[in-house]
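Here is the structure we will look at, set down as structure tokens.
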Amino acid sequence: MRLMKKGFVGLILGCVSNSAFAISELWLDRYAYDAIQQGFNKKDISVYHKKRGDLDNYPLSGYADYRAFLFDLENKTPEEVNQFSKKFADYPFSVSIRADYLNALIATKNWPYLIAYQTELPRDQDYQCWYYTAFYHENELDTAFDGAKLLWLDGESVSSACNSLFSYWDKAGERTDNMILERALYAVDAKNPRLITYLRKLASTVDSKDTLTEMLRLYRQPEKFTVVFETKEDTQFNRNYAQTALKHLAKHNINSAYEKVDFVQSHFSFEVNELQATLEFLAVRLLDTKDPEIIQWRDDVFERSNDSVVLEQRIRLAIRKTEWNEIIFWINKLTSEEQASYRWQYWLARSEMKLGDTESGETRLKRIAGNRHFYSIAASIALKREPRFPIARVECNKEQLEPYQDDIDRVEELLALGKTYPARKHWRHVVAKENQAKSAVLACYAKKKHWHLFTHEATIRGELWDYIYLRFPVRYWKEFTRYGTKYNVDPVTLLALSRQESGLELTTKSPVGARGLMQVLPSTAAFMAQKYNLNYRHSSDLFDLDKNVAVGSRYLSHLLARYKNNRAYAFSAYNAGPTMVMVWRRAASKEIDIFGYIESISFKETRVYVKNIFMFEMYYREILKLEGDFLRPSELTNSI
């Protein structure tokens with residue numbers, strides 16, 4: 001027995017010794033890596049050459065090689081850079097080095113290398129400017145000036161990187177006054193009158209300057225439309241000018257714009273369909289008109305449309321008014337592919353059933369039921385079936401993860417060094433290269449490691465829509481339960497809404513200033529704190545978990561009470577505000593149900609938002625094994 005015990009102790013000591021050795025090796029690698037990085041920061045590559053051999057087994061050695069390659073980058077050939085990218089294809093810098101190299105070539109004006117390396121038009125506007133500038137310097141003037149024209153015709157300010165290109169274009173006589181006037185029309189569309197003022201300075205003739213002055217005056221006084229155009233000749237520019245000005249007027253006074261249509265059509269000779277997009281622009285803004293004559297004109301415009309976005313707005317009007325024949329008519333104007341969507345198949349089925357063709361309607365509903373989609377669930381409800389949807393699962397064992405071990409080691413080491421952003425960037429690069437099944441394995445691993453953002457990245461980039469156990473983490477359940485109980489809101493609702501609002505990330509801040517887990521606006525928080533005596537003092541409080549959930553759940557409770565616990569109205573008010581909910585409900589037929597209300601919401605963001613939270617609630621009930629209706633009986637009607 002003593003011998004066995006002694007052997008066991010020896011084994012333990014051996015393990016400790018091996019572990020300690022591995023840890024010391026890691027720290028030595030980190031020390032060498034840090035010394036190399038410090039050398040790079042001082043623009044000294046000698047440390048890299050001295051210590052690089054010590055990093056052969058270190059996960060981040062490739063990042064040191066990347067920074068070393070950046071030295072003297074401007075003198076490297078496109079072939080050398082491409083070879084480097086291929087060699088380090090497993091690293092995100094194999095992609096980002098493209099920008100590094102382009103910047104180096106631009107700085108040194110190495111135009112032949114730039115054209116040889118960048119073989120297609122870049123997406124970024126700055127690089128597009130330099131791309132065409134390179135063609136100019138290589139005497140490929142047609143390509144350069146075609147690019148200049150493409151970049152010039154923009155209603156917003158163009159990057160200063162284009163200044164040289166535009167100067168060459170102008171000196172070649174290509175930037176004519178006609179081009180200046182055309183750009184001014186883009187400026188009107190973009191609501192950018194300052195650009196028109198700038199363009200007036202560039203115009204070379206008195207007539208062009210006068211037209212731009214007139215355009216600026218009309219921008220500020222759109223009602224002067226007829227006065228401006230009654231003396232205009234029928235030229236292509238004037239037809240474009242008239243359409244642009246008419247749309248601008250429609251944004252300010254749609255009825256006045258409608259009254260000008262006959263004048264425009266009689267004064268100018270438009271080609272077939274030349275005016276159609278402008279008329280559709282007006283028709284969409286006349287959706288709520290009560291005038292029978294305007295209704296007829298508007299629907300004539302819609303009938304000639306091939307634009308699915310425009311037609312869908314007309315369908316939503318029919319849904320809002322519960323005009324079942326009209327719903328079928330306008331859905332049938334869509335392409336076959338568009339009609340086949342779950343959404344429009346559902347509304348065709350509902351319409352058929354309302355008009356007495358129950359068999360056809362139920363057949364459609366059965367075809368779309370059972371899928372992971374809002375209107376598949378709606379179809380199940382209409383068929384009085386228990387909603388069902390596919391759920392995909394995945395395991396991530398050692399064997400499955402073996403091909404990714406090097407990348408996992410790199411990510412873990414970056415995280416260990418506190419480099420969260422580079423770690424996320426590396427993770428995104430790994431996932432982006434994989435198919436759905438392999439992305440699911442990576443997401444599974446990230447979930448086991450509690451890398452919430454990394455799990456989310458993998459599910460989005462891998463399009464893992466059916467993997468709800470990966471896509472919907474249960475976080476902050478204790479806080480949601482506490483405040484849900486306190487303010488009489490279902491904790492699952494709070495969890496689902498927060499997943500939609502912030503992805504369950506505490507530090508999220510929206511472009512409009514909403515903050516934290518439940519994306520509460522400081523103004524809303526101040527109002528709720530005053531009304532209900534909540535512990536809130538400053539906008540920074542909204543990044544505190546308890547205070548954010550307290551304020552957010554109290555506000556949702558406030559909305560639910562206002563709408564008699566109808567979540568569809570409360571969710572849409574949480575997103576778009578109570579005023580818009582009032583507008584949408586007043587515009588709707590008294591016979592509309594909650595599905596009709598949701599589909600007829602005029603803001604796409606809010607429509608998607610409301611549908612998502614209902615779906616997220618259903619997913620979380622599945623994950624948490626909690627009972628609950630997708631829609632409660634009291635919510636299925638539109639009454640409050």
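FYI, nothing fancy with the structure tokens labels: chains A, B, ... in order, residues from 1 per chain, ligands from 1 as they appear.
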Within 7 Å of segment 440-456 of chain A using only C-alpha atoms, minus same-chain residues under 2 positions, as a PyMOL selection string: chain A and resi 394-396+424+427+436-438+458-460+464+470-471
Generate the output file for the selected residues, C-alpha atoms, as a PDB file, in the first residue's frame.
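Full text of result_19.pdb as output:
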```
ATOM      1  CA  VAL A 394     -24.520  20.057 -32.447  1.00  0.00           C
ATOM      2  CA  GLU A 395     -21.831  18.478 -30.318  1.00  0.00           C
ATOM      3  CA  CYS A 396     -18.238  19.696 -30.281  1.00  0.00           C
ATOM      4  CA  ARG A 424     -12.776  38.551 -32.090  1.00  0.00           C
ATOM      5  CA  TRP A 427     -12.446  34.287 -34.641  1.00  0.00           C
ATOM      6  CA  GLN A 436     -22.724  25.773 -41.754  1.00  0.00           C
ATOM      7  CA  ALA A 437     -21.971  22.464 -40.049  1.00  0.00           C
ATOM      8  CA  LYS A 438     -18.396  23.452 -39.158  1.00  0.00           C
ATOM      9  CA  ALA A 458     -20.354  32.154 -35.365  1.00  0.00           C
ATOM     10  CA  THR A 459     -24.147  31.860 -35.527  1.00  0.00           C
ATOM     11  CA  ILE A 460     -24.493  34.982 -37.673  1.00  0.00           C
ATOM     12  CA  LEU A 464     -27.112  28.946 -37.992  1.00  0.00           C
ATOM     13  CA  LEU A 470     -26.504  28.426 -29.700  1.00  0.00           C
ATOM     14  CA  ARG A 471     -28.206  31.610 -30.868  1.00  0.00           C
TER      15      ARG A 471
END
```
Distance criterion (only C-alpha atoms): nearest to Glu413 of chain A out of A:Leu28, A:Leu60, A:Val549, A:Leu202: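 Among the listed residues, the smallest separation from Glu413 of chain A belongs to A:Leu60.
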Coordinates-based distance that separates atom CA of Gln243 of chain A from atom CA of Ala283 of chain A (Å, one decimal): 13.9 Å
Listing only residues of segment 222-317 of chain A within 9 Å of segment 594-613 of chain A, what is the closest atom pair and its distance in Å (to one decimal) for each, using only C-alpha atoms, sorted by chain and residue number ascending, as a tab-separated table?
```
residue	atom	partner	partner_atom	distance
A:Gln313	CA	A:Ser602	CA	8.1
A:Ile315	CA	A:Ser600	CA	8.7
A:Arg316	CA	A:Ser600	CA	5.0
A:Leu317	CA	A:Ser600	CA	6.8
```
Between atom CA of His49 of chain A and atom CA of Phe71 of chain A, distance in Å (one decimal):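 Between atom CA of His49 of chain A and atom CA of Phe71 of chain A the gap is 12.4 Å.
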Backbone DSSP call of alpha helix (DSSP H) for segment 545-613 of chain A, listed as a PyMOL selection string: chain A and resi 545-562+567-576+578-587+594-600+604-613
